[in-house]
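File shown: work.cif. Contents: mmCIF, C-alpha atoms.
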data_my_file
#
loop_
_atom_site.label_atom_id
_atom_site.label_comp_id
_atom_site.auth_asym_id
_atom_site.auth_seq_id
_atom_site.Cartn_x
_atom_site.Cartn_y
_atom_site.Cartn_z
CA MET A 297 22.57 -84.06 5.91
CA SER A 298 19.55 -85.73 7.37
CA HIS A 299 17.59 -87.83 4.87
CA PRO A 300 14.38 -89.24 6.32
CA ARG A 301 13.45 -90.77 2.94
CA LEU A 302 15.32 -91.69 -0.22
CA THR A 303 15.37 -89.37 -3.22
CA PHE A 304 15.11 -90.97 -6.67
CA GLU A 305 18.85 -90.47 -7.28
CA GLN A 306 19.69 -92.11 -3.95
CA PHE A 307 17.39 -95.02 -4.77
CA LEU A 308 19.29 -95.50 -8.06
CA ILE A 309 22.62 -95.46 -6.19
CA LEU A 310 21.38 -98.15 -3.75
CA ALA A 311 20.00 -100.21 -6.65
CA PHE A 312 23.40 -100.02 -8.35
CA VAL A 313 25.11 -101.08 -5.07
CA SER A 314 22.79 -104.12 -5.01
CA ILE A 315 23.28 -105.34 -8.55
CA SER A 316 26.86 -104.31 -9.34
CA VAL A 317 28.58 -106.97 -7.18
CA PRO A 318 26.72 -110.00 -8.57
CA LEU A 319 26.99 -108.61 -12.12
CA GLY A 320 30.70 -107.82 -11.65
CA ASP A 321 31.39 -111.27 -10.19
CA ALA A 322 29.49 -112.88 -13.08
CA CYS A 323 31.56 -110.91 -15.62
CA LEU A 324 34.81 -111.92 -13.87
CA SER A 325 33.72 -115.55 -13.79
CA ARG A 326 32.68 -115.45 -17.48
CA GLY A 327 35.99 -113.85 -18.43
CA MET A 328 38.20 -116.17 -16.38
CA THR A 329 36.53 -119.40 -17.49
CA SER A 330 36.93 -118.44 -21.15
CA LEU A 331 40.72 -118.06 -20.67
CA PRO A 332 43.16 -120.97 -20.73
CA ALA A 333 44.22 -122.21 -17.27
CA ILE A 334 46.64 -119.79 -15.59
CA SER A 335 49.44 -121.43 -13.62
CA LEU A 336 51.50 -119.91 -10.81
CA ALA A 337 54.55 -120.37 -13.03
CA HIS A 338 53.22 -117.62 -15.33
CA PRO A 339 51.57 -115.10 -12.97
CA PHE A 340 51.86 -112.25 -15.50
CA SER A 341 49.22 -113.87 -17.67
CA LEU A 342 46.83 -112.62 -14.95
CA VAL A 343 47.82 -109.06 -15.86
CA SER A 344 46.94 -109.58 -19.51
CA ALA A 345 43.61 -111.11 -18.37
CA VAL A 346 42.68 -107.68 -16.94
CA PHE A 347 42.52 -106.27 -20.47
CA THR A 348 40.04 -108.82 -21.82
CA PRO A 349 36.53 -107.33 -22.31
CA TRP A 350 34.59 -109.38 -19.73
CA ILE A 351 37.18 -108.95 -16.98
CA ALA A 352 37.59 -105.24 -17.72
CA LEU A 353 33.80 -104.87 -17.50
CA GLY A 354 33.75 -106.83 -14.21
CA ILE A 355 36.46 -104.63 -12.72
CA ALA A 356 34.65 -101.47 -13.88
CA LEU A 357 31.44 -102.71 -12.21
CA LEU A 358 33.26 -103.48 -8.95
CA ILE A 359 34.94 -100.05 -8.94
CA GLY A 360 31.50 -98.53 -9.56
CA TYR A 361 30.14 -100.60 -6.67
CA PHE A 362 32.80 -99.29 -4.29
CA ALA A 363 32.21 -95.66 -5.30
CA SER A 364 28.42 -95.95 -4.95
CA TYR A 365 28.72 -97.90 -1.67
CA LEU A 366 30.85 -95.09 -0.20
CA THR A 367 28.40 -92.49 -1.51
CA ALA A 368 25.49 -94.38 0.08
CA LEU A 369 27.32 -94.60 3.41
CA SER A 370 27.80 -90.82 3.38
CA TRP A 371 24.02 -90.19 3.59
CA ALA A 372 22.59 -93.46 4.91
CA ASP A 373 23.14 -95.61 7.99
CA LEU A 374 25.25 -98.75 7.70
CA THR A 375 22.27 -100.71 9.06
CA TYR A 376 20.17 -99.31 6.17
CA VAL A 377 22.71 -99.95 3.39
CA MET A 378 23.58 -103.53 4.49
CA PRO A 379 20.15 -105.11 3.91
CA ALA A 380 19.79 -103.16 0.67
CA THR A 381 23.03 -104.64 -0.66
CA ALA A 382 21.78 -108.14 0.26
CA MET A 383 18.99 -107.63 -2.31
CA GLY A 384 21.63 -108.32 -4.97
CA ASN A 385 21.59 -112.00 -3.94
CA VAL A 386 17.84 -112.09 -4.45
CA ILE A 387 18.10 -110.50 -7.90
CA VAL A 388 20.73 -113.08 -8.91
CA ALA A 389 18.57 -115.99 -7.71
CA LEU A 390 15.53 -114.62 -9.58
CA LEU A 391 17.56 -114.06 -12.77
CA ALA A 392 19.02 -117.57 -12.48
CA HIS A 393 15.52 -119.04 -12.23
CA PHE A 394 13.51 -116.97 -14.71
CA TRP A 395 16.21 -116.14 -17.25
CA LEU A 396 18.65 -119.06 -17.10
CA HIS A 397 15.92 -121.56 -16.05
CA GLU A 398 18.09 -122.93 -13.24
CA GLU A 399 16.51 -125.08 -10.55
CA ILE A 400 16.22 -123.23 -7.22
CA SER A 401 15.91 -125.34 -4.05
CA TRP A 402 13.24 -124.54 -1.45
CA GLN A 403 15.99 -123.35 0.92
CA ARG A 404 17.02 -120.71 -1.62
CA TRP A 405 13.40 -119.62 -2.15
CA LEU A 406 13.13 -119.30 1.63
CA GLY A 407 16.29 -117.17 1.59
CA VAL A 408 14.81 -114.96 -1.16
CA VAL A 409 11.61 -114.44 0.85
CA LEU A 410 13.44 -113.71 4.13
CA ILE A 411 15.81 -111.16 2.55
CA THR A 412 12.96 -109.45 0.69
CA VAL A 413 10.87 -109.17 3.87
CA GLY A 414 13.94 -107.96 5.82
CA VAL A 415 14.71 -105.27 3.24
CA GLY A 416 11.02 -104.27 3.22
CA PHE A 417 11.17 -103.79 6.99
CA VAL A 418 14.21 -101.51 6.94
CA ALA A 419 13.11 -99.61 3.81
CA GLN A 420 10.01 -98.32 5.62
CA GLY A 421 12.14 -96.57 8.25
CA PRO A 422 14.37 -93.49 8.04
CA VAL A 423 17.53 -93.58 5.93
CA ASN A 424 19.80 -91.79 8.37
CA THR A 425 19.26 -91.89 12.14
CA THR A 426 22.70 -90.84 13.34
CA PRO A 427 22.48 -87.74 15.51
CA PRO A 428 25.37 -85.62 14.12
CA ALA A 429 26.43 -84.36 17.55
CA ALA A 430 26.50 -87.83 19.12
CA PHE A 431 28.46 -89.21 16.16
CA LYS A 432 30.98 -86.38 16.26
CA ASP A 433 31.49 -86.83 20.02
CA ALA A 434 32.02 -90.59 19.61
CA MET A 435 34.52 -90.06 16.77
CA GLU A 436 36.47 -87.42 18.64
CA ALA A 437 36.55 -89.60 21.77
CA THR A 438 37.89 -92.53 19.73
CA PHE A 439 40.23 -90.86 17.23
CA GLY A 440 40.84 -87.37 18.64
CA SER A 441 39.57 -84.22 16.93
CA ASN A 442 39.75 -85.53 13.36
CA LYS A 443 38.68 -82.58 11.22
CA GLU A 444 36.47 -82.91 8.19
CA ALA A 445 38.37 -83.20 4.95
CA GLN A 446 36.81 -80.42 2.96
CA MET B 1041 48.64 -126.41 22.61
CA ILE B 1042 46.95 -127.21 19.27
CA ALA B 1043 43.31 -126.16 18.99
CA SER B 1044 40.75 -128.79 17.91
CA PRO B 1045 39.58 -128.61 14.25
CA SER B 1046 36.17 -127.21 15.21
CA LEU B 1047 37.77 -124.55 17.42
CA GLN B 1048 40.16 -123.68 14.60
CA ALA B 1049 37.22 -123.32 12.20
CA LEU B 1050 35.41 -121.13 14.73
CA LEU B 1051 38.49 -118.93 15.18
CA MET B 1052 38.99 -118.53 11.44
CA ILE B 1053 35.35 -117.58 10.83
CA ALA B 1054 35.44 -115.22 13.84
CA THR B 1055 38.54 -113.51 12.43
CA VAL B 1056 36.86 -112.97 9.05
CA VAL B 1057 33.70 -111.63 10.69
CA LEU B 1058 35.48 -109.32 13.14
CA THR B 1059 37.97 -107.82 10.68
CA SER B 1060 35.20 -107.35 8.14
CA SER B 1061 32.96 -105.61 10.70
CA VAL B 1062 35.75 -103.35 11.94
CA GLY B 1063 36.54 -102.40 8.33
CA GLU B 1064 32.93 -101.68 7.39
CA VAL B 1065 32.22 -99.66 10.53
CA LEU B 1066 35.41 -97.61 10.10
CA MET B 1067 34.49 -97.03 6.46
CA ALA B 1068 30.97 -95.95 7.42
CA GLY B 1069 32.44 -93.73 10.16
CA ALA B 1070 34.80 -92.16 7.64
CA MET B 1071 31.99 -91.40 5.20
CA LYS B 1072 29.80 -89.95 7.97
CA SER B 1073 32.64 -87.71 9.16
CA ILE B 1074 33.20 -86.45 5.60
CA GLY B 1075 29.53 -85.65 5.05
CA ASP B 1076 27.07 -86.12 2.19
CA LEU B 1077 29.19 -86.88 -0.91
CA ASP B 1078 26.38 -85.79 -3.23
CA GLU B 1079 26.42 -82.34 -1.63
CA ILE B 1080 30.24 -82.15 -1.73
CA ARG B 1081 30.19 -83.16 -5.41
CA ALA B 1082 27.60 -80.50 -6.19
CA ARG B 1083 29.71 -77.89 -4.38
CA SER B 1084 33.28 -78.88 -5.32
CA GLY B 1085 32.89 -81.25 -8.27
CA MET B 1086 33.97 -84.89 -8.58
CA LEU B 1087 37.61 -84.06 -7.78
CA GLY B 1088 36.51 -82.35 -4.58
CA ALA B 1089 34.53 -85.45 -3.55
CA ILE B 1090 37.49 -87.74 -4.29
CA LYS B 1091 39.82 -85.42 -2.37
CA ALA B 1092 37.45 -85.42 0.62
CA VAL B 1093 37.56 -89.24 0.71
CA VAL B 1094 41.28 -89.79 0.16
CA THR B 1095 42.31 -87.18 2.74
CA CYS B 1096 40.37 -88.93 5.52
CA PRO B 1097 42.72 -91.15 7.61
CA LEU B 1098 39.80 -93.20 8.94
CA PHE B 1099 39.02 -94.30 5.36
CA PHE B 1100 42.47 -95.87 4.99
CA ILE B 1101 42.26 -97.63 8.38
CA GLY B 1102 38.94 -99.06 7.14
CA ILE B 1103 40.58 -100.18 3.87
CA PHE B 1104 43.35 -101.85 5.91
CA PHE B 1105 40.83 -103.88 7.91
CA MET B 1106 38.83 -104.79 4.80
CA ALA B 1107 42.04 -106.06 3.20
CA ALA B 1108 42.74 -108.02 6.41
CA ALA B 1109 39.21 -109.49 6.16
CA PHE B 1110 39.85 -110.48 2.54
CA PHE B 1111 43.11 -112.26 3.35
CA SER B 1112 41.66 -113.98 6.43
CA LEU B 1113 38.82 -115.18 4.16
CA LEU B 1114 41.36 -116.58 1.72
CA PHE B 1115 43.15 -118.28 4.64
CA ALA B 1116 39.87 -119.75 5.92
CA LEU B 1117 38.98 -120.98 2.41
CA ASN B 1118 42.32 -122.75 2.32
CA HIS B 1119 41.23 -124.83 5.34
CA MET B 1120 37.44 -125.06 4.98
CA SER B 1121 34.88 -125.37 2.22
CA LEU B 1122 33.26 -122.32 0.67
CA SER B 1123 29.82 -123.73 1.53
CA LEU B 1124 30.66 -123.37 5.24
CA VAL B 1125 32.76 -120.18 5.30
CA GLY B 1126 30.70 -118.17 2.78
CA PRO B 1127 27.25 -118.32 4.40
CA ALA B 1128 28.63 -118.22 7.96
CA ALA B 1129 30.81 -115.16 7.37
CA ALA B 1130 28.22 -113.30 5.24
CA SER B 1131 25.35 -113.79 7.69
CA LEU B 1132 27.28 -113.30 10.95
CA THR B 1133 28.85 -110.09 9.62
CA LEU B 1134 25.34 -108.64 9.28
CA VAL B 1135 24.71 -109.17 13.00
CA THR B 1136 28.10 -107.90 14.18
CA ASN B 1137 27.80 -104.87 11.88
CA THR B 1138 24.42 -104.05 13.38
CA ILE B 1139 25.79 -104.27 16.94
CA ALA B 1140 28.87 -102.24 16.01
CA ALA B 1141 26.77 -99.61 14.18
CA LYS B 1142 24.67 -99.14 17.32
CA LEU B 1143 27.65 -99.01 19.68
CA PHE B 1144 30.20 -97.04 17.67
CA LEU B 1145 28.28 -95.15 14.98
CA LYS B 1146 25.42 -94.34 17.40
CA GLU B 1147 22.82 -95.43 14.82
CA ASN B 1148 19.29 -95.76 16.12
CA VAL B 1149 18.89 -99.53 15.70
CA ASP B 1150 15.24 -99.92 16.63
CA ARG B 1151 13.19 -103.13 16.64
CA ARG B 1152 12.45 -102.77 12.93
CA ARG B 1153 16.18 -102.75 12.05
CA TRP B 1154 16.94 -105.66 14.38
CA VAL B 1155 14.20 -107.74 12.77
CA SER B 1156 15.48 -106.76 9.35
CA ALA B 1157 19.10 -107.67 10.21
CA ILE B 1158 18.08 -111.06 11.64
CA LEU B 1159 15.79 -111.87 8.66
CA VAL B 1160 18.45 -110.88 6.12
CA CYS B 1161 21.09 -112.82 8.10
CA ILE B 1162 19.04 -116.03 8.03
CA GLY B 1163 18.04 -115.34 4.41
CA VAL B 1164 21.66 -114.91 3.27
CA TYR B 1165 22.53 -118.17 5.06
CA PHE B 1166 19.78 -120.10 3.25
CA LEU B 1167 20.51 -118.46 -0.09
CA ALA B 1168 24.26 -119.07 0.03
CA HIS B 1169 24.14 -122.54 1.59
#
Would you mind giving the structure from this file in structure tokens?
Amino acid sequence: MSHPRLTFEQFLILAFVSISVPLGDACLSRGMTSLPAISLAHPFSLVSAVFTPWIALGIALLIGYFASYLTALSWADLTYVMPATAMGNVIVALLAHFWLHEEISWQRWLGVVLITVGVGFVAQGPVNTTPPAAFKDAMEATFGSNKEAQ
Amino acid sequence: MIASPSLQALLMIATVVLTSSVGEVLMAGAMKSIGDLDEIRARSGMLGAIKAVVTCPLFFIGIFFMAAAFFSLLFALNHMSLSLVGPAAASLTLVTNTIAAKLFLKENVDRRRWVSAILVCIGVYFLAH
């Protein structure tokens, strides 16, 4: 299961991990702000909110994020996936500036540059560096001989 | 003894960061112990891949800690502003995850990955602040 470089399908999975959280959060925010205020006295109105189109789309995107994040962790290191997921913040900032014409402060531009350079650094290296034997030994030492599920 | 407000803030952020890191590392450990999900899906179909994940105890321990991280974040947000907790927790988690991945997942965190983690950590702080 060693992957020195990403395949195209794996690249798409990582790209989806990056953009699904900001898109999902945006859908949830769009859906919730369009609803009348929900008070704690009527908590079940939150349940009906789940079935509105924007919130349903947001939940679907976040479920998709979780599934693709787990898939990515099965073939890539955590220290490879983490910076890749941070790229989502950059995409949101760029969309906010170029699409929504929002003002971006110099601190945010600095953040965009630093994350992009950081992701560039890690993307040039191998995807998975965990030696299977060392990982198995560490897991068995910590949790006992936990057999693979399949 | 009542802790000072700054110590309380520090403790709350530390709780969010630590529970989040434990959850993410356990989750990554679970997925590594299961194996490549793409290969499992090709061999046993989508149901086989789902079964491989939900029959791994480590996965549920990871979920437990991620839920603990979520609720400790809610607790912290009840006492502090999002502009402090959000960037601090997001950027510090990157560093603790990198240390934990090296120690517990035995990942080869070379200089390149350290530089990347630090740059992304500072970048997330600036972007979210």
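Rounded to one decimal, CA of Gly1102 in chain B and CA of Val1062 in chain B lie 7.2 Å from each other.
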Write out as a short mmCIF file (atom, residue, chain, number, x, y, z; two decimals) with C-alpha atoms, keeping the file's coordinate frame each polymer residue whose atoms come within 9 Å of range 378-382 of chain A, counting only C-alpha atoms; drop sequence neighbours fewer than 4 positions from it.
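Just written: around-v9.cif:
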data_model
loop_
_atom_site.label_atom_id
_atom_site.label_comp_id
_atom_site.auth_asym_id
_atom_site.auth_seq_id
_atom_site.Cartn_x
_atom_site.Cartn_y
_atom_site.Cartn_z
CA LEU A 310 21.38 -98.15 -3.75
CA ALA A 311 20.00 -100.21 -6.65
CA PHE A 312 23.40 -100.02 -8.35
CA VAL A 313 25.11 -101.08 -5.07
CA SER A 314 22.79 -104.12 -5.01
CA ILE A 315 23.28 -105.34 -8.55
CA VAL A 317 28.58 -106.97 -7.18
CA TYR A 365 28.72 -97.90 -1.67
CA ASP A 373 23.14 -95.61 7.99
CA LEU A 374 25.25 -98.75 7.70
CA VAL A 386 17.84 -112.09 -4.45
CA ILE A 411 15.81 -111.16 2.55
CA THR A 412 12.96 -109.45 0.69
CA GLY A 414 13.94 -107.96 5.82
CA VAL A 415 14.71 -105.27 3.24
CA VAL A 418 14.21 -101.51 6.94
CA ALA A 419 13.11 -99.61 3.81
CA LEU B 1134 25.34 -108.64 9.28
CA ASN B 1137 27.80 -104.87 11.88
CA THR B 1138 24.42 -104.05 13.38
CA SER B 1156 15.48 -106.76 9.35
CA ALA B 1157 19.10 -107.67 10.21
CA VAL B 1160 18.45 -110.88 6.12
CA CYS B 1161 21.09 -112.82 8.10
CA VAL B 1164 21.66 -114.91 3.27
#
Sorted per-residue table, chain B near chain A, closest atoms and distance, 8 Å, only C-alpha atoms, as a tab-separated table:
residue	atom	partner	partner_atom	distance
B:Val1065	CA	A:Leu374	CA	7.6
B:Met1067	CA	A:Leu366	CA	7.8
B:Ala1068	CA	A:Leu369	CA	5.6
B:Gly1069	CA	A:Met435	CA	7.8
B:Met1071	CA	A:Ser370	CA	4.6
B:Lys1072	CA	A:Ser370	CA	5.1
B:Ser1073	CA	A:Glu444	CA	6.2
B:Ile1074	CA	A:Glu444	CA	5.5
B:Gly1075	CA	A:Ser370	CA	5.7
B:Asp1076	CA	A:Ser370	CA	4.9
B:Leu1077	CA	A:Thr367	CA	5.7
B:Asp1078	CA	A:Thr367	CA	7.2
B:Gly1088	CA	A:Gln446	CA	7.8
B:Lys1091	CA	A:Ala445	CA	7.8
B:Ala1092	CA	A:Ala445	CA	5.0
B:Val1093	CA	A:Ala445	CA	7.4
B:Thr1095	CA	A:Ala445	CA	6.0
B:Cys1096	CA	A:Ala445	CA	6.1
B:Leu1134	CA	A:Met378	CA	7.2
B:Asn1137	CA	A:Thr375	CA	7.5
B:Thr1138	CA	A:Thr375	CA	5.9
B:Ala1141	CA	A:Leu374	CA	6.7
B:Phe1144	CA	A:Ala434	CA	7.0
B:Leu1145	CA	A:Phe431	CA	6.1
B:Lys1146	CA	A:Thr426	CA	6.0
B:Glu1147	CA	A:Thr426	CA	4.8
B:Asn1148	CA	A:Thr425	CA	5.6
B:Val1149	CA	A:Thr375	CA	7.5
B:Arg1152	CA	A:Phe417	CA	6.2
B:Arg1153	CA	A:Val418	CA	5.6
B:Val1155	CA	A:Gly414	CA	7.0
B:Ser1156	CA	A:Gly414	CA	4.0
B:Ala1157	CA	A:Gly414	CA	6.8
B:Ile1158	CA	A:Gly414	CA	7.8
B:Leu1159	CA	A:Gly414	CA	5.2
B:Val1160	CA	A:Ile411	CA	4.4
B:Cys1161	CA	A:Ile411	CA	7.8
B:Ile1162	CA	A:Gly407	CA	7.1
B:Gly1163	CA	A:Gly407	CA	3.8
B:Val1164	CA	A:Gly407	CA	6.1
B:Tyr1165	CA	A:Gly407	CA	7.2
B:Phe1166	CA	A:Gly407	CA	4.8
B:Leu1167	CA	A:Arg404	CA	4.4
B:Ala1168	CA	A:Arg404	CA	7.6
Range 1120-1124 of chain B: which residues within 9 Å, counting all atoms listed in the file, same-chain residues fewer than 5 positions away excluded, as an MDAnalysis selection string? chainID B and resid 1049 1115 1129 1168:1169
If you count only C-alpha atoms, which residues fall within 12 Å of Ala1107 in chain B, apart from same-chain ones fewer than 2 positions away, as a compact mmCIF listing (two decimals) with C-alpha atoms, in the frame of the given file?
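Contents of around_32.txt, freshly written:
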# COMPACT_ATOMS: atom_id res chain seq x y z
CA VAL B 1056 36.86 -112.97 9.05
CA THR B 1059 37.97 -107.82 10.68
CA SER B 1060 35.20 -107.35 8.14
CA SER B 1061 32.96 -105.61 10.70
CA VAL B 1062 35.75 -103.35 11.94
CA GLY B 1063 36.54 -102.40 8.33
CA GLU B 1064 32.93 -101.68 7.39
CA PHE B 1100 42.47 -95.87 4.99
CA ILE B 1101 42.26 -97.63 8.38
CA GLY B 1102 38.94 -99.06 7.14
CA ILE B 1103 40.58 -100.18 3.87
CA PHE B 1104 43.35 -101.85 5.91
CA PHE B 1105 40.83 -103.88 7.91
CA ALA B 1109 39.21 -109.49 6.16
CA PHE B 1110 39.85 -110.48 2.54
CA PHE B 1111 43.11 -112.26 3.35
CA SER B 1112 41.66 -113.98 6.43
CA LEU B 1113 38.82 -115.18 4.16
CA LEU B 1114 41.36 -116.58 1.72
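What separates CA of Ser341 in chain A from CA of Ala322 in chain A is a distance of 20.3 Å.
From CA of Ala1140 in chain B back to CA of Leu357 in chain A, the distance works out to 28.3 Å.
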All residues 12 Å or closer to Ser330 in chain A, only C-alpha atoms, same chain fewer than 5 positions away omitted, as an MDAnalysis selection string: chainID A and resid 323:325 345 348:351
In terms of all atoms listed in the file, the residue from A:Leu358, A:Leu390, A:Ile309, A:Ala352 at minimal distance from Met328 in chain A is A:Ala352
Might I get the box with edges along x, y and z of the file that holds all atoms of range 324-330 of chain A listed there, padded by 4 Å on every side, given as centre and edge lengths in Å to one decimal, as lines of an AutoDock Vina configuration file?
center_x = 35.4
center_y = -115.7
center_z = -17.5
size_x = 13.5
size_y = 15.5
size_z = 15.4
Go through A:Leu319, A:Phe394, A:Val377, A:Glu399 and flag the residue nearest Ala356 in chain A, using only C-alpha atoms for the distances. A:Leu319
N, CA and C atoms restored at range 1110-1137 of chain B, emitted as a PDB file, in the coordinates of the input:
ATOM      1  N   PHE B1110      39.729-109.740   3.789  1.00  0.00           N
ATOM      2  CA  PHE B1110      39.850-110.480   2.540  1.00  0.00           C
ATOM      3  C   PHE B1110      40.894-111.598   2.661  1.00  0.00           C
ATOM      4  N   PHE B1111      42.059-111.254   3.245  1.00  0.00           N
ATOM      5  CA  PHE B1111      43.110-112.260   3.350  1.00  0.00           C
ATOM      6  C   PHE B1111      42.764-113.328   4.391  1.00  0.00           C
ATOM      7  N   SER B1112      42.058-112.939   5.463  1.00  0.00           N
ATOM      8  CA  SER B1112      41.660-113.980   6.430  1.00  0.00           C
ATOM      9  C   SER B1112      40.582-114.882   5.812  1.00  0.00           C
ATOM     10  N   LEU B1113      39.782-114.329   4.887  1.00  0.00           N
ATOM     11  CA  LEU B1113      38.820-115.180   4.160  1.00  0.00           C
ATOM     12  C   LEU B1113      39.551-116.172   3.261  1.00  0.00           C
ATOM     13  N   LEU B1114      40.582-115.678   2.568  1.00  0.00           N
ATOM     14  CA  LEU B1114      41.360-116.580   1.720  1.00  0.00           C
ATOM     15  C   LEU B1114      41.995-117.689   2.567  1.00  0.00           C
ATOM     16  N   PHE B1115      42.519-117.304   3.745  1.00  0.00           N
ATOM     17  CA  PHE B1115      43.150-118.280   4.640  1.00  0.00           C
ATOM     18  C   PHE B1115      42.112-119.321   5.092  1.00  0.00           C
ATOM     19  N   ALA B1116      40.930-118.835   5.459  1.00  0.00           N
ATOM     20  CA  ALA B1116      39.870-119.750   5.920  1.00  0.00           C
ATOM     21  C   ALA B1116      39.453-120.694   4.788  1.00  0.00           C
ATOM     22  N   LEU B1117      39.386-120.152   3.552  1.00  0.00           N
ATOM     23  CA  LEU B1117      38.980-120.980   2.410  1.00  0.00           C
ATOM     24  C   LEU B1117      40.028-122.051   2.092  1.00  0.00           C
ATOM     25  N   ASN B1118      41.258-121.773   2.521  1.00  0.00           N
ATOM     26  CA  ASN B1118      42.320-122.750   2.320  1.00  0.00           C
ATOM     27  C   ASN B1118      42.150-123.959   3.256  1.00  0.00           C
ATOM     28  N   HIS B1119      41.406-123.767   4.346  1.00  0.00           N
ATOM     29  CA  HIS B1119      41.230-124.830   5.340  1.00  0.00           C
ATOM     30  C   HIS B1119      39.820-125.401   5.367  1.00  0.00           C
ATOM     31  N   MET B1120      38.839-124.620   4.899  1.00  0.00           N
ATOM     32  CA  MET B1120      37.440-125.060   4.980  1.00  0.00           C
ATOM     33  C   MET B1120      36.762-124.856   3.644  1.00  0.00           C
ATOM     34  N   SER B1121      35.593-125.496   3.492  1.00  0.00           N
ATOM     35  CA  SER B1121      34.880-125.370   2.220  1.00  0.00           C
ATOM     36  C   SER B1121      34.143-124.039   2.140  1.00  0.00           C
ATOM     37  N   LEU B1122      33.968-123.577   0.903  1.00  0.00           N
ATOM     38  CA  LEU B1122      33.260-122.320   0.670  1.00  0.00           C
ATOM     39  C   LEU B1122      31.827-122.397   1.189  1.00  0.00           C
ATOM     40  N   SER B1123      31.225-123.598   1.105  1.00  0.00           N
ATOM     41  CA  SER B1123      29.820-123.730   1.530  1.00  0.00           C
ATOM     42  C   SER B1123      29.653-123.537   3.032  1.00  0.00           C
ATOM     43  N   LEU B1124      30.744-123.645   3.801  1.00  0.00           N
ATOM     44  CA  LEU B1124      30.660-123.370   5.240  1.00  0.00           C
ATOM     45  C   LEU B1124      31.061-121.921   5.524  1.00  0.00           C
ATOM     46  N   VAL B1125      32.217-121.510   4.981  1.00  0.00           N
ATOM     47  CA  VAL B1125      32.760-120.180   5.300  1.00  0.00           C
ATOM     48  C   VAL B1125      31.880-119.067   4.716  1.00  0.00           C
ATOM     49  N   GLY B1126      31.462-119.229   3.456  1.00  0.00           N
ATOM     50  CA  GLY B1126      30.700-118.170   2.780  1.00  0.00           C
ATOM     51  C   GLY B1126      29.439-117.764   3.526  1.00  0.00           C
ATOM     52  N   PRO B1127      28.485-118.698   3.711  1.00  0.00           N
ATOM     53  CA  PRO B1127      27.250-118.320   4.400  1.00  0.00           C
ATOM     54  C   PRO B1127      27.488-117.881   5.839  1.00  0.00           C
ATOM     55  N   ALA B1128      28.405-118.567   6.555  1.00  0.00           N
ATOM     56  CA  ALA B1128      28.630-118.220   7.960  1.00  0.00           C
ATOM     57  C   ALA B1128      29.174-116.804   8.077  1.00  0.00           C
ATOM     58  N   ALA B1129      30.201-116.484   7.279  1.00  0.00           N
ATOM     59  CA  ALA B1129      30.810-115.160   7.370  1.00  0.00           C
ATOM     60  C   ALA B1129      29.832-114.081   6.914  1.00  0.00           C
ATOM     61  N   ALA B1130      29.122-114.329   5.789  1.00  0.00           N
ATOM     62  CA  ALA B1130      28.220-113.300   5.240  1.00  0.00           C
ATOM     63  C   ALA B1130      27.084-113.001   6.225  1.00  0.00           C
ATOM     64  N   SER B1131      26.512-114.048   6.829  1.00  0.00           N
ATOM     65  CA  SER B1131      25.350-113.790   7.690  1.00  0.00           C
ATOM     66  C   SER B1131      25.769-113.269   9.059  1.00  0.00           C
ATOM     67  N   LEU B1132      26.868-113.790   9.629  1.00  0.00           N
ATOM     68  CA  LEU B1132      27.280-113.300  10.950  1.00  0.00           C
ATOM     69  C   LEU B1132      27.763-111.849  10.887  1.00  0.00           C
ATOM     70  N   THR B1133      28.378-111.471   9.757  1.00  0.00           N
ATOM     71  CA  THR B1133      28.850-110.090   9.620  1.00  0.00           C
ATOM     72  C   THR B1133      27.681-109.099   9.708  1.00  0.00           C
ATOM     73  N   LEU B1134      26.522-109.512   9.197  1.00  0.00           N
ATOM     74  CA  LEU B1134      25.340-108.640   9.280  1.00  0.00           C
ATOM     75  C   LEU B1134      24.986-108.331  10.741  1.00  0.00           C
ATOM     76  N   VAL B1135      25.068-109.367  11.587  1.00  0.00           N
ATOM     77  CA  VAL B1135      24.710-109.170  13.000  1.00  0.00           C
ATOM     78  C   VAL B1135      25.768-108.334  13.710  1.00  0.00           C
ATOM     79  N   THR B1136      27.057-108.669  13.496  1.00  0.00           N
ATOM     80  CA  THR B1136      28.100-107.900  14.180  1.00  0.00           C
ATOM     81  C   THR B1136      28.131-106.452  13.689  1.00  0.00           C
ATOM     82  N   ASN B1137      27.855-106.243  12.399  1.00  0.00           N
ATOM     83  CA  ASN B1137      27.800-104.870  11.880  1.00  0.00           C
ATOM     84  C   ASN B1137      26.675-104.081  12.550  1.00  0.00           C
TER      85      ASN B1137
END
